[in-house]
Structures are given as structure tokens and as C-alpha cells.
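Beneath this line is the structure, given in C-alpha cells, with notes to follow.
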Amino acid sequence: MINDQAPSALPVRGEAPSVTGSAVGRIFAGLLVPAFAGVTGLFAPLLVMASDSCSEEDARTICSAGAQQIVGGLPVGAAFVAALLTVVGMGNKGAAGIGCLLAAPFLLVVSWVVALGIAGN
């Protein structure tokens, strides 16, 4: 006699969750963004050396003390904030986490663009 009501296989409990694309993206961002923040924090302040050729009559933006402080300080501050945003983004699985993970590299790129724009003028 065949029992048609018996399940064909028992459910497996304690199975490991599958790795989704979201988890892989979080891990990738969690490694890449802090590395980019570290490079930014270390090397972007060196853009202040663009003012080495300034003279008293030079009207370029990089030749002012305020612009040199922006070029030297903005990337370091952006790198610190981007690293914090990455940590927050890795800890949150909702929309706030994704927003933080997207904002971190954007902040770094904006700091580079501003610093290079000032140093290039």
C-alpha cells in the first residue's frame, strides 16, 4: 500500500542562506571604498604642492591660503566621512545602508574633483 500523503523528502533545517547579489555588492563596496578613502586621505593633500610655483603677483586660485587649506583638508575629511558611511552601509541592510554605500564613493569623487579643480587653476 502506497501512502500518497507522505512528503517525498523531509525539509532540511539549519541550511546556510544563499549569498545574493546584494551581499556580494556589500562585500565588494566594503573592501573597495575604504581602500579608495585611504588613497584619498594619503595622496590628495599632496595637491597643495601645486602652489609651489606661486609668486606674490600670481592670481591663480591655488595661490591663496584658503584654497590651499581646502585642497589639503577637503579630501582628508571626505575620506573619513566616506569610511564612516561605508561602515554604516555595511551594518544596515535596508535602503539607508544602500544609500550610505552609494554616497561614500560619490563623496570621494566630488572631493577629488573639487581639489583637482582648485589645484589646476
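Residue numbers start at 1 in each chain; chains themselves are named A, B, ... in the order of the C-alpha cells; ligands are numbered from 1 in the order shown.
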Could you give me, as a count of residues only, each residue of region 6-121 of chain A that DSSP assigns to helix (DSSP H, G or I) when run on this structure's backbone? 89
For Gly73 (chain A), please output as an mmCIF file with C-alpha atoms, in the first residue's frame all residues within 12 Å (counting only C-alpha atoms; exclusion window: fewer than 3 positions along the same chain).
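Writing done, so here's around.cif:
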```
data_model
loop_
_atom_site.group_PDB
_atom_site.id
_atom_site.type_symbol
_atom_site.label_atom_id
_atom_site.label_comp_id
_atom_site.auth_asym_id
_atom_site.auth_seq_id
_atom_site.Cartn_x
_atom_site.Cartn_y
_atom_site.Cartn_z
ATOM 1 C CA THR A 40 42.404 59.787 -0.998
ATOM 2 C CA GLY A 41 43.422 60.574 2.563
ATOM 3 C CA LEU A 42 47.071 59.868 1.855
ATOM 4 C CA PHE A 43 47.668 61.358 -1.564
ATOM 5 C CA ALA A 44 45.065 64.040 -2.291
ATOM 6 C CA PRO A 45 46.553 66.531 0.204
ATOM 7 C CA LEU A 46 49.720 66.444 -1.878
ATOM 8 C CA LEU A 47 47.807 68.541 -4.435
ATOM 9 C CA VAL A 48 48.763 71.541 -2.280
ATOM 10 C CA GLY A 66 42.183 79.494 1.800
ATOM 11 C CA ALA A 67 42.323 77.446 -1.383
ATOM 12 C CA GLN A 68 45.393 75.599 -0.126
ATOM 13 C CA GLN A 69 43.559 74.724 3.082
ATOM 14 C CA ILE A 70 40.572 73.454 1.105
ATOM 15 C CA VAL A 76 41.046 64.054 4.259
ATOM 16 C CA GLY A 77 37.647 64.968 5.694
ATOM 17 C CA ALA A 78 35.850 63.307 2.789
ATOM 18 C CA ALA A 79 37.908 60.136 3.253
ATOM 19 C CA PHE A 80 36.997 59.979 6.942
ATOM 20 C CA SER A 111 36.321 65.795 -3.145
ATOM 21 C CA TRP A 112 38.836 64.787 -5.836
ATOM 22 C CA VAL A 114 36.976 69.947 -6.258
ATOM 23 C CA ALA A 115 40.604 69.565 -5.136
#
```
*Name the residues in contact with Ala104 (chain A) at a cut-off of 12 Å, using only C-alpha atoms, excluding same-chain residues fewer than 3 positions from it; report them as a ChimeraX atom specification.*
/A:29-30,32-37,77-90,97-101,107-111
Neighbour list for Asn121 (chain A) as a PDB file with all heavy atoms, in the first residue's frame, cut-off 8 Å, only C-alpha atoms, skip fewer than 3 positions in-chain:
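In the end it all went to selection_38.pdb:
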```
ATOM      1  N   ARG A  60      46.260  82.947  -9.491  1.00  0.00           N
ATOM      2  CA  ARG A  60      45.599  81.638  -9.561  1.00  0.00           C
ATOM      3  C   ARG A  60      44.938  81.311  -8.232  1.00  0.00           C
ATOM      4  O   ARG A  60      45.381  81.754  -7.172  1.00  0.00           O
ATOM      5  CB  ARG A  60      46.612  80.550  -9.917  1.00  0.00           C
ATOM      6  CG  ARG A  60      47.154  80.673 -11.325  1.00  0.00           C
ATOM      7  CD  ARG A  60      48.090  79.546 -11.656  1.00  0.00           C
ATOM      8  NE  ARG A  60      49.231  79.577 -10.737  1.00  0.00           N
ATOM      9  CZ  ARG A  60      50.033  78.551 -10.516  1.00  0.00           C
ATOM     10  NH1 ARG A  60      49.804  77.399 -11.131  1.00  0.00           N
ATOM     11  NH2 ARG A  60      51.047  78.651  -9.686  1.00  0.00           N
ATOM     12  N   THR A  61      43.897  80.513  -8.284  1.00  0.00           N
ATOM     13  CA  THR A  61      43.146  80.163  -7.079  1.00  0.00           C
ATOM     14  C   THR A  61      44.009  79.408  -6.079  1.00  0.00           C
ATOM     15  O   THR A  61      43.924  79.656  -4.874  1.00  0.00           O
ATOM     16  CB  THR A  61      41.921  79.301  -7.462  1.00  0.00           C
ATOM     17  OG1 THR A  61      41.176  79.971  -8.469  1.00  0.00           O
ATOM     18  CG2 THR A  61      41.039  79.049  -6.270  1.00  0.00           C
ATOM     19  N   ILE A  62      44.835  78.516  -6.520  1.00  0.00           N
ATOM     20  CA  ILE A  62      45.656  77.704  -5.622  1.00  0.00           C
ATOM     21  C   ILE A  62      46.665  78.547  -4.861  1.00  0.00           C
ATOM     22  O   ILE A  62      47.195  78.123  -3.838  1.00  0.00           O
ATOM     23  CB  ILE A  62      46.367  76.564  -6.393  1.00  0.00           C
ATOM     24  CG1 ILE A  62      47.002  75.543  -5.431  1.00  0.00           C
ATOM     25  CG2 ILE A  62      47.390  77.099  -7.355  1.00  0.00           C
ATOM     26  CD1 ILE A  62      46.041  74.825  -4.554  1.00  0.00           C
ATOM     27  N   GLY A 117      40.194  70.646  -9.311  1.00  0.00           N
ATOM     28  CA  GLY A 117      39.758  71.881  -9.951  1.00  0.00           C
ATOM     29  C   GLY A 117      40.453  73.104  -9.378  1.00  0.00           C
ATOM     30  O   GLY A 117      40.867  74.007 -10.113  1.00  0.00           O
ATOM     31  N   ILE A 118      40.591  73.137  -8.059  1.00  0.00           N
ATOM     32  CA  ILE A 118      41.280  74.267  -7.428  1.00  0.00           C
ATOM     33  C   ILE A 118      42.766  74.225  -7.734  1.00  0.00           C
ATOM     34  O   ILE A 118      43.389  75.243  -8.039  1.00  0.00           O
ATOM     35  CB  ILE A 118      41.022  74.281  -5.914  1.00  0.00           C
ATOM     36  CG1 ILE A 118      39.546  74.582  -5.637  1.00  0.00           C
ATOM     37  CG2 ILE A 118      41.906  75.301  -5.224  1.00  0.00           C
ATOM     38  CD1 ILE A 118      39.161  74.442  -4.174  1.00  0.00           C
TER      39      ILE A 118
END
```
